[in-house]
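Text of final.txt, listed as compact mmCIF, C-alpha atoms:
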# COMPACT_ATOMS: atom_id res chain seq x y z
CA MET A 1 -34.01 0.89 -21.37
CA PRO A 2 -35.68 4.29 -20.94
CA GLN A 3 -33.32 7.11 -20.11
CA GLN A 4 -34.25 9.54 -17.38
CA SER A 5 -32.69 12.64 -15.94
CA SER A 6 -30.33 12.06 -13.00
CA GLN A 7 -30.49 8.33 -13.70
CA THR A 8 -27.92 6.39 -11.66
CA ILE A 9 -26.10 3.15 -12.40
CA LEU A 10 -28.09 1.56 -9.56
CA ASP A 11 -31.29 2.64 -11.34
CA VAL A 12 -30.03 0.87 -14.45
CA VAL A 13 -29.21 -2.34 -12.60
CA THR A 14 -32.57 -2.25 -10.83
CA TRP A 15 -34.40 -1.68 -14.13
CA ILE A 16 -32.60 -4.65 -15.68
CA GLN A 17 -33.61 -6.87 -12.76
CA ARG A 18 -37.23 -5.76 -12.91
CA HIS A 19 -37.70 -5.85 -16.68
CA LEU A 20 -35.05 -8.09 -18.27
CA ASP A 21 -33.60 -10.56 -15.80
CA ALA A 22 -35.47 -11.18 -12.57
CA GLY A 23 -32.64 -13.42 -11.36
CA LEU A 24 -29.99 -10.69 -11.47
CA SER A 25 -28.22 -10.53 -8.11
CA TYR A 26 -26.72 -7.34 -6.72
CA ARG A 27 -26.42 -5.60 -3.40
CA PHE A 28 -27.73 -2.24 -2.24
CA ALA A 29 -29.44 -0.73 0.78
CA CYS A 30 -29.75 3.00 1.31
CA ARG A 31 -29.58 4.31 -2.30
CA VAL A 32 -28.22 7.66 -1.09
CA GLY A 33 -24.49 7.13 -0.59
CA MET A 34 -24.59 6.36 3.11
CA CYS A 35 -24.25 2.59 3.43
CA GLY A 36 -21.57 1.72 0.88
CA SER A 37 -23.14 -1.57 -0.12
CA CYS A 38 -23.82 -0.88 -3.84
CA ALA A 39 -20.21 -0.52 -5.02
CA MET A 40 -19.47 -2.08 -8.43
CA MET A 41 -17.03 -1.65 -11.28
CA VAL A 42 -18.43 0.83 -13.80
CA ASN A 43 -16.43 0.99 -17.02
CA GLY A 44 -13.52 -0.54 -15.12
CA ILE A 45 -13.61 1.95 -12.23
CA PRO A 46 -14.95 1.13 -8.74
CA ARG A 47 -17.87 3.38 -7.87
CA TRP A 48 -20.89 3.72 -5.63
CA THR A 49 -23.55 2.95 -8.20
CA CYS A 50 -26.21 4.92 -6.32
CA ARG A 51 -24.15 8.10 -6.61
CA THR A 52 -22.94 7.65 -10.17
CA HIS A 53 -25.00 9.33 -12.86
CA VAL A 54 -25.26 7.44 -16.12
CA ASN A 55 -24.73 10.51 -18.27
CA LYS A 56 -21.40 11.21 -16.55
CA VAL A 57 -19.85 7.81 -17.16
CA MET A 58 -21.46 6.62 -20.41
CA ARG A 59 -18.89 5.99 -23.14
CA ASP A 60 -19.97 5.63 -26.78
CA ASN A 61 -23.53 5.06 -25.61
CA SER A 62 -22.57 1.94 -23.65
CA LEU A 63 -21.82 0.95 -20.07
CA THR A 64 -19.91 -1.98 -18.60
CA ILE A 65 -21.04 -2.90 -15.10
CA GLU A 66 -19.09 -5.62 -13.28
CA PRO A 67 -18.74 -6.93 -9.73
CA LEU A 68 -16.10 -5.34 -7.52
CA ARG A 69 -12.55 -6.36 -8.37
CA ASN A 70 -10.38 -8.32 -5.91
CA LEU A 71 -13.29 -10.01 -4.16
CA PRO A 72 -14.70 -13.51 -4.75
CA LEU A 73 -17.88 -13.50 -6.79
CA ILE A 74 -21.08 -14.93 -5.30
CA LYS A 75 -23.34 -14.33 -8.29
CA ASP A 76 -23.72 -11.70 -11.03
CA LEU A 77 -22.84 -8.39 -9.34
CA ALA A 78 -22.74 -9.58 -5.73
CA CYS A 79 -19.32 -10.22 -4.18
CA ASP A 80 -18.40 -12.11 -1.07
CA MET A 81 -17.21 -9.42 1.34
CA SER A 82 -16.05 -11.89 4.01
CA GLU A 83 -12.29 -11.54 3.45
CA PHE A 84 -12.60 -7.75 3.35
CA PHE A 85 -14.24 -7.65 6.78
CA GLU A 86 -12.05 -10.42 8.18
CA LYS A 87 -9.03 -8.28 7.37
CA TRP A 88 -10.52 -5.44 9.39
CA THR A 89 -10.66 -7.83 12.34
CA ASP A 90 -7.19 -9.23 11.59
CA SER A 91 -5.70 -5.74 11.65
CA LYS A 92 -7.39 -5.08 14.98
CA GLY A 93 -9.57 -2.47 13.35
CA TYR A 94 -11.79 -2.19 16.38
CA PHE A 95 -11.63 0.13 19.35
CA GLN A 96 -10.30 -1.37 22.53
CA GLY A 97 -10.79 0.80 25.57
CA SER A 98 -9.22 0.45 28.98
CA THR A 99 -11.88 2.14 31.07
CA THR A 100 -15.25 0.99 32.34
CA ARG A 101 -18.63 2.65 32.59
CA HIS A 102 -17.74 3.60 36.15
CA ASP A 103 -14.80 5.75 35.04
CA PRO A 104 -15.29 9.35 34.05
CA VAL A 105 -15.91 10.03 30.38
CA SER A 106 -12.69 10.81 28.50
CA THR A 107 -12.13 14.41 27.55
CA LEU A 108 -10.80 14.82 24.04
CA SER A 109 -9.82 18.03 22.35
CA PRO A 110 -11.08 17.98 18.75
CA ASN A 111 -8.21 20.31 17.88
CA SER A 112 -5.29 18.22 19.11
CA PRO A 113 -2.97 17.17 16.24
CA GLN A 114 -3.48 13.50 17.03
CA ARG A 115 -7.27 13.82 17.06
CA ARG A 116 -7.22 15.68 13.74
CA VAL A 117 -5.23 12.84 12.19
CA ALA A 118 -7.66 10.26 13.61
CA ASP A 119 -10.67 12.24 12.40
CA ALA A 120 -9.26 12.58 8.89
CA ALA A 121 -9.28 8.80 8.49
CA THR A 122 -12.43 7.96 10.37
CA GLU A 123 -15.20 8.50 7.80
CA CYS A 124 -14.78 5.13 6.08
CA ILE A 125 -18.08 3.27 5.51
CA ASN A 126 -16.55 -0.08 4.42
CA CYS A 127 -17.67 0.08 0.79
CA ALA A 128 -14.50 -1.75 -0.41
CA ILE A 129 -13.93 0.61 -3.32
CA CYS A 130 -10.35 1.15 -2.15
CA TYR A 131 -9.90 -2.61 -1.85
CA ALA A 132 -11.12 -3.09 -5.42
CA SER A 133 -8.82 -0.36 -6.74
CA CYS A 134 -5.68 -1.70 -5.04
CA ASP A 135 -3.18 -3.53 -7.26
CA VAL A 136 -1.29 -4.83 -4.23
CA VAL A 137 -4.42 -6.67 -3.07
CA ASN A 138 -4.61 -8.14 -6.56
CA TRP A 139 -0.99 -9.34 -6.34
CA ASN A 140 -0.95 -10.44 -2.72
CA ARG A 141 -4.20 -11.94 -1.47
CA ASP A 142 -2.97 -11.79 2.12
CA TYR A 143 -2.42 -8.02 2.06
CA LEU A 144 -4.67 -6.38 4.63
CA GLY A 145 -5.64 -3.66 2.18
CA PRO A 146 -6.19 0.08 2.34
CA ALA A 147 -9.46 0.13 4.30
CA ALA A 148 -8.25 -2.08 7.16
CA LEU A 149 -4.94 -0.22 7.41
CA ASN A 150 -6.67 3.15 7.26
CA ARG A 151 -8.87 2.04 10.14
CA ALA A 152 -5.82 0.85 12.07
CA TRP A 153 -4.16 4.24 11.55
CA SER A 154 -7.25 6.04 12.84
CA LEU A 155 -7.26 3.88 15.97
CA GLN A 156 -3.51 4.27 16.48
CA ASN A 157 -4.18 7.99 16.82
CA ASP A 158 -7.08 7.58 19.20
CA GLU A 159 -5.64 8.37 22.61
CA ARG A 160 -8.41 6.36 24.37
CA ASP A 161 -7.47 3.13 22.58
CA SER A 162 -5.37 0.66 24.56
CA ALA A 163 -4.36 -1.88 21.88
CA SER A 164 -1.81 0.28 20.11
CA ALA A 165 1.25 -1.95 20.58
CA GLU A 166 -0.60 -5.10 19.58
CA ARG A 167 -2.14 -3.47 16.52
CA LEU A 168 1.20 -2.04 15.44
CA SER A 169 2.74 -5.52 15.53
CA VAL A 170 -0.01 -6.81 13.26
CA VAL A 171 0.23 -4.03 10.69
CA ALA A 172 4.02 -4.47 10.65
CA GLY A 173 3.65 -8.10 9.53
CA ASP A 174 4.33 -9.23 5.98
CA ALA A 175 0.69 -8.72 5.00
CA GLY A 176 0.73 -5.23 6.45
CA CYS A 177 1.56 -1.63 5.67
CA HIS A 178 4.99 -2.24 4.10
CA GLN A 179 3.38 -3.92 1.09
CA CYS A 180 1.81 -0.65 -0.04
CA HIS A 181 3.43 0.90 -3.13
CA SER A 182 1.79 4.29 -2.59
CA GLN A 183 0.14 4.10 -6.02
CA GLN A 184 -2.85 5.95 -4.52
CA GLY A 185 -5.62 4.10 -6.34
CA CYS A 186 -7.45 4.00 -3.01
CA ALA A 187 -7.17 7.75 -2.53
CA THR A 188 -8.13 8.41 -6.14
CA TYR A 189 -11.39 6.46 -6.03
CA CYS A 190 -12.53 6.78 -2.40
CA PRO A 191 -15.99 8.40 -2.68
CA ASN A 192 -15.54 9.90 0.78
CA GLU A 193 -12.27 11.48 -0.34
CA LEU A 194 -10.25 9.73 2.33
CA ASN A 195 -6.56 9.09 1.74
CA PRO A 196 -5.68 5.55 2.87
CA THR A 197 -2.27 5.89 1.20
CA ALA A 198 -1.38 8.71 3.60
CA SER A 199 -2.69 6.65 6.52
CA ILE A 200 -0.53 3.70 5.47
CA ALA A 201 2.50 5.99 5.12
CA GLY A 202 1.78 7.15 8.66
CA LEU A 203 1.71 3.54 9.85
CA LYS A 204 5.08 2.90 8.15
CA ARG A 205 6.60 5.84 10.03
CA MET A 206 5.01 4.75 13.29
CA VAL A 207 6.26 1.18 12.87
CA ALA A 208 9.77 2.35 11.98
CA LYS A 209 9.95 4.54 15.09
CA ALA A 210 8.67 1.73 17.29
CA TYR A 211 11.24 -0.67 15.81
CA VAL A 212 14.14 1.73 16.34
CA ARG A 213 13.03 2.25 19.95
CA GLY A 214 12.72 -1.51 20.48
CA GLU A 215 9.01 -1.21 21.16
CA LEU A 216 7.75 -3.40 18.34
CA GLY A 217 6.34 -6.79 19.28
CA ALA A 218 7.01 -10.15 17.67
CA GLY A 219 5.09 -9.46 14.47
CA GLY A 220 1.53 -9.85 13.32
CA LYS A 221 -0.58 -12.77 14.38
CA GLY A 222 -3.15 -12.00 11.70
CA ARG A 223 -2.66 -12.86 8.05
CA GLN A 224 0.95 -13.90 8.00
CA GLY A 225 2.29 -15.28 4.76
CA PRO A 226 4.50 -18.37 4.76
CA GLU A 227 7.65 -16.26 4.34
CA SER A 228 7.26 -14.48 7.65
CA ASP A 229 10.14 -16.42 9.11
CA ALA A 230 12.32 -16.31 5.97
CA MET B 1 9.61 -7.89 11.82
CA LEU B 2 11.47 -8.89 8.64
CA GLU B 3 9.37 -6.45 6.62
CA VAL B 4 10.26 -3.61 8.97
CA ARG B 5 13.97 -4.39 8.72
CA LEU B 6 13.83 -4.58 4.93
CA TYR B 7 11.83 -1.35 4.78
CA LEU B 8 14.40 0.46 6.90
CA ALA B 9 17.32 -1.05 4.98
CA GLN B 10 15.85 0.06 1.67
CA ARG B 11 15.21 3.60 2.91
CA ALA B 12 18.65 3.84 4.49
CA SER B 13 20.38 2.58 1.34
CA ALA B 14 18.37 5.09 -0.73
CA ALA B 15 19.48 7.89 1.58
CA ILE B 16 23.10 6.82 1.15
CA MET B 17 22.78 6.53 -2.63
CA ALA B 18 21.20 9.96 -3.17
CA PRO B 19 24.31 12.12 -2.46
CA LEU B 20 26.64 9.52 -4.00
CA VAL B 21 24.68 9.60 -7.27
CA LEU B 22 25.03 13.38 -7.32
CA ILE B 23 28.78 13.08 -6.75
CA HIS B 24 28.97 10.49 -9.51
CA LEU B 25 27.04 12.70 -11.96
CA GLY B 26 29.27 15.65 -11.08
CA VAL B 27 32.37 13.55 -11.72
CA MET B 28 31.01 12.32 -15.05
CA ILE B 29 30.22 15.84 -16.23
CA TYR B 30 33.62 17.12 -15.06
CA THR B 31 35.38 14.22 -16.77
CA ILE B 32 33.69 14.80 -20.10
CA GLN B 33 34.00 18.57 -19.98
CA GLY B 34 37.63 18.43 -18.96
CA GLY B 35 38.57 15.83 -21.55
CA VAL B 36 40.20 13.46 -19.07
CA ASP B 37 41.16 10.16 -20.67
CA ALA B 38 41.17 6.69 -19.10
CA ALA B 39 44.81 6.86 -18.05
CA GLU B 40 44.31 10.19 -16.35
CA ILE B 41 41.22 8.88 -14.54
CA LEU B 42 43.11 5.85 -13.26
CA GLU B 43 45.97 8.11 -12.17
CA ARG B 44 43.52 9.96 -9.93
CA THR B 45 41.61 6.95 -8.60
CA ARG B 46 44.42 4.45 -7.92
CA GLY B 47 45.41 4.41 -4.31
CA SER B 48 42.70 6.92 -3.46
CA PHE B 49 40.89 6.15 -0.22
CA PHE B 50 38.22 8.73 -1.04
CA TRP B 51 37.22 7.24 -4.40
CA GLY B 52 37.46 3.70 -3.03
CA ALA B 53 35.21 4.55 -0.08
CA ASN B 54 32.85 6.61 -2.25
CA TYR B 55 32.20 3.94 -4.86
CA GLY B 56 32.56 1.05 -2.42
CA LEU B 57 29.78 2.50 -0.29
CA PHE B 58 27.74 3.15 -3.41
CA VAL B 59 28.06 -0.48 -4.52
CA ILE B 60 27.00 -1.77 -1.09
CA ALA B 61 23.99 0.56 -0.99
CA VAL B 62 22.95 -0.41 -4.53
CA SER B 63 23.25 -4.12 -3.75
CA VAL B 64 21.05 -3.82 -0.65
CA HIS B 65 18.51 -1.55 -2.32
CA ALA B 66 18.18 -3.53 -5.55
CA ALA B 67 17.99 -6.92 -3.85
CA ILE B 68 15.11 -5.80 -1.63
CA GLY B 69 13.34 -4.25 -4.62
CA LEU B 70 13.78 -7.43 -6.65
CA ARG B 71 12.46 -9.47 -3.72
CA ASN B 72 9.26 -7.42 -3.75
CA ILE B 73 8.84 -7.86 -7.51
CA LEU B 74 9.43 -11.61 -7.36
CA ARG B 75 6.93 -11.93 -4.55
CA GLU B 76 4.21 -9.95 -6.26
CA TRP B 77 4.65 -10.98 -9.88
CA LEU B 78 5.74 -14.59 -9.50
CA SER B 79 4.17 -15.29 -6.09
CA LEU B 80 7.48 -16.62 -4.79
CA ARG B 81 7.53 -17.24 -1.07
CA GLY B 82 9.67 -18.64 1.71
CA ILE B 83 13.19 -19.94 1.39
CA GLY B 84 13.22 -19.79 -2.44
CA LEU B 85 12.52 -16.08 -2.36
CA ALA B 86 15.22 -15.54 0.25
CA ILE B 87 17.81 -17.55 -1.69
CA ILE B 88 17.21 -15.70 -4.98
CA SER B 89 17.34 -12.33 -3.21
CA TRP B 90 20.57 -13.18 -1.41
CA ILE B 91 22.17 -14.51 -4.62
CA PHE B 92 21.22 -11.31 -6.45
CA PHE B 93 22.62 -9.24 -3.58
CA ALA B 94 25.88 -11.20 -3.54
CA GLY B 95 26.25 -11.05 -7.34
CA LEU B 96 25.75 -7.30 -7.46
CA LEU B 97 28.09 -6.79 -4.53
CA MET B 98 30.87 -8.91 -6.01
CA ALA B 99 30.61 -7.42 -9.49
CA GLY B 100 30.50 -3.89 -8.10
CA LEU B 101 33.36 -4.29 -5.64
CA ARG B 102 35.45 -5.95 -8.36
CA ALA B 103 34.92 -2.91 -10.58
CA VAL B 104 35.81 -0.55 -7.73
CA ALA B 105 38.93 -2.56 -6.96
CA ALA B 106 39.97 -2.39 -10.62
CA VAL B 107 40.10 1.41 -10.61
CA VAL B 108 41.30 1.96 -7.03
CA ILE B 109 43.88 -0.76 -6.37
CA ALA B 110 47.10 -0.06 -8.18

Go ahead and render the structure in this file as structure tokens.
Amino acid sequence: MPQQSSQTILDVVTWIQRHLDAGLSYRFACRVGMCGSCAMMVNGIPRWTCRTHVNKVMRDNSLTIEPLRNLPLIKDLACDMSEFFEKWTDSKGYFQGSTTRHDPVSTLSPNSPQRRVADAATECINCAICYASCDVVNWNRDYLGPAALNRAWSLQNDERDSASAERLSVVAGDAGCHQCHSQQGCATYCPNELNPTASIAGLKRMVAKAYVRGELGAGGKGRQGPESDA
Amino acid sequence: MLEVRLYLAQRASAAIMAPLVLIHLGVMIYTIQGGVDAAEILERTRGSFFWGANYGLFVIAVSVHAAIGLRNILREWLSLRGIGLAIISWIFFAGLLMAGLRAVAAVVIA
């Protein structure tokens, strides 16, 4: 294929579809590193293909482009993201407020330590690169994974959220934060330079404190493995 | 809840082991440097509450720590789950504990 300056991996995949194999399936949307939908394995490393220049990753004049690791394949380079998003829901990765539109708007200080921690984890765009890089996900298909746990950590530090106790019980389950080995693949490859490993370590500390204080509920209702009662 | 308990038990046992390992290394270096032979070592350890407690605690901490670690490996590498995983982990814990305490008893009990 013709080489061009600033050519991206997504350009390559698109060129292949348009000139060599019209049936090639892959996923993309924004092309500018905003949506997170074009992630693939490039030479064995998960990357946003729209933000990866060919000349920076080419090895011996060849490239290997594969679908994201740890996710079921639909076709060619398109993965089924269902389990990834279901785990976000399972880990209660959604904001749950306790006020209504009739209450005054919450006042938050952007400089409070808790808000800073929440903000540090909040820029995730669900691209699943961390999920593909995680060996624990590969070993334990029930593991909630770095993205879902990072989201849970962000919400746990949001003082407006009202589901903290419930969420903590879920992430303390046997598919939760204690499965993480702190290998930091997620932090290494996150294109947004987030650190899910640190977020998960924070959850472990938070869970331990809640357990010691007797504040931890009866365990996660989400993805519980069969050994949860062992 | 089980995962939280195991997590805390493994951290607590690691915290116990850390100073005991340093004591053990210090003793080893002292023993080699000083040229103490087996009989002289036994003379110091037999009937000693300190050495019995020191190594007894170490053996308990190692047994807890290693059994939890092995449980994680078995679960991830062999996909073991449920009662089988629990039984193997408990057997490993009991084996380490018995072997270790037997060794401690051999050098402490006169």

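With distances taken over only C-alpha atoms, A:Ser91 is the one residue among A:Ser91, A:Asn61, A:Thr107, A:Thr100 lying closest to A:Gly173.
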
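In this model, the gap between atom CA of B:Ser13 and atom CA of B:Ala61 comes to 4.7 Å.
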
Taking all atoms listed in the file into account, produce a table as a Markdown table in which each residue of chain B with an atom at most 7 Å from an atom of chain A appears once, together with its shortest atom pair and the distance in Å to one decimal, ordered by chain and rising number.
| residue | atom | partner | partner_atom | distance |
| --- | --- | --- | --- | --- |
| B:Met1 | CA | A:Gly219 | CA | 5.5 |
| B:Glu3 | CA | A:Asp174 | CA | 5.8 |
| B:Val4 | CA | A:Ala172 | CA | 6.5 |
| B:Tyr7 | CA | A:His178 | CA | 6.9 |
| B:Glu76 | CA | A:Trp139 | CA | 5.2 |
| B:Trp77 | CA | A:Trp139 | CA | 6.9 |
| B:Arg81 | CA | A:Glu227 | CA | 5.5 |
| B:Gly82 | CA | A:Glu227 | CA | 4.1 |
| B:Ile83 | CA | A:Ala230 | CA | 5.9 |
| B:Ala86 | CA | A:Ala230 | CA | 6.5 |

Would you put the residues from that selection into a file with C-alpha atoms, as a PDB file, in the coordinates of the input?
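For reference, result_19.pdb as written:
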ATOM      1  CA  MET B   1       9.610  -7.890  11.820  1.00  0.00           C
ATOM      2  CA  GLU B   3       9.370  -6.450   6.620  1.00  0.00           C
ATOM      3  CA  VAL B   4      10.260  -3.610   8.970  1.00  0.00           C
ATOM      4  CA  TYR B   7      11.830  -1.350   4.780  1.00  0.00           C
ATOM      5  CA  GLU B  76       4.210  -9.950  -6.260  1.00  0.00           C
ATOM      6  CA  TRP B  77       4.650 -10.980  -9.880  1.00  0.00           C
ATOM      7  CA  ARG B  81       7.530 -17.240  -1.070  1.00  0.00           C
ATOM      8  CA  GLY B  82       9.670 -18.640   1.710  1.00  0.00           C
ATOM      9  CA  ILE B  83      13.190 -19.940   1.390  1.00  0.00           C
ATOM     10  CA  ALA B  86      15.220 -15.540   0.250  1.00  0.00           C
TER      11      ALA B  86
END

Review point. Quick one: residues within 9 Å of stretch 145-150 of chain A, all atoms listed in the file counted, chain neighbours fewer than 6 positions away excluded, as an NGL selection string?
Key: :A and (84-85 or 87-93 or 121-122 or 124 or 126-131 or 134 or 136-137 or 171 or 175-177 or 180 or 186 or 194-200 or 203)

Point to revise | Interatomic distance (Å, one decimal) between atom CA of B:Leu2 and atom CA of B:Ile68 | key: 11.3 Å

Review point. Interatomic distance between atom CA of B:Tyr55 and atom CA of B:Arg71?
Key: 23.9 Å

Review point. What residues have an atom no more than 9 Å from (-21.2, 7.2, -9.3) in the file's own frame, counting all atoms listed in the file, and can you write them as a ChimeraX atom specification?
Key: /A:8-10,39,42,46-54,56-57,191

Could those selected residues go to a file with C-alpha atoms, as a tab-separated table (two decimals), in the coordinates of the input?
chain	number	residue	atom	x	y	z
A	8	THR	CA	-27.92	6.39	-11.66
A	9	ILE	CA	-26.10	3.15	-12.40
A	10	LEU	CA	-28.09	1.56	-9.56
A	39	ALA	CA	-20.21	-0.52	-5.02
A	42	VAL	CA	-18.43	0.83	-13.80
A	46	PRO	CA	-14.95	1.13	-8.74
A	47	ARG	CA	-17.87	3.38	-7.87
A	48	TRP	CA	-20.89	3.72	-5.63
A	49	THR	CA	-23.55	2.95	-8.20
A	50	CYS	CA	-26.21	4.92	-6.32
A	51	ARG	CA	-24.15	8.10	-6.61
A	52	THR	CA	-22.94	7.65	-10.17
A	53	HIS	CA	-25.00	9.33	-12.86
A	54	VAL	CA	-25.26	7.44	-16.12
A	56	LYS	CA	-21.40	11.21	-16.55
A	57	VAL	CA	-19.85	7.81	-17.16
A	191	PRO	CA	-15.99	8.40	-2.68

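Remark: for B:Trp90, the closest of the candidate residues B:Ala66, B:Val21, B:Val107, B:Val36 is B:Ala66 (distances computed over all atoms listed in the file).
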
Point to revise | Residue neighbourhood A:Asn157, 9 Å, all atoms listed in the file, exclusion window fewer than 4 positions, as a count of residues only | key: 10

Enclose all atoms of stretch 18-36 of chain A listed in the file in an axis-aligned box, grow every side by 8 Å, and hand back centre and edge lengths in Å to one decimal, as JSON.
{"center_x": -29.6, "center_y": -2.9, "center_z": -7.4, "size_x": 32.1, "size_y": 37.1, "size_z": 37.7}

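Comparing B:Ala99, B:Leu25, B:Ile73, B:Ala9 by their smallest distance to B:Gly56, the closest is B:Ala99 (using all atoms listed in the file).
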
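Counting only C-alpha atoms, the residue from A:Leu108, A:Glu123, A:Tyr143, A:Gln4 that sits nearest to A:Asn55 is A:Gln4.
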
Exercise for review: Could you tell me which of A:Ser37, A:Ala163, A:Ile74, A:Phe28 comes closest to A:Ser98 if we count only C-alpha atoms?
Suggested key: A:Ala163

Exercise for review: Identify, on the basis of only C-alpha atoms, every residue whose closest approach to A:Ala132 does not exceed 7 Å; exclude the query and any residue fewer than 6 positions from it along the same chain; express the result as a list in words.
Suggested key: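 My reading of the contact set: Pro46, Leu68, Arg69 and Asn70 of chain A.
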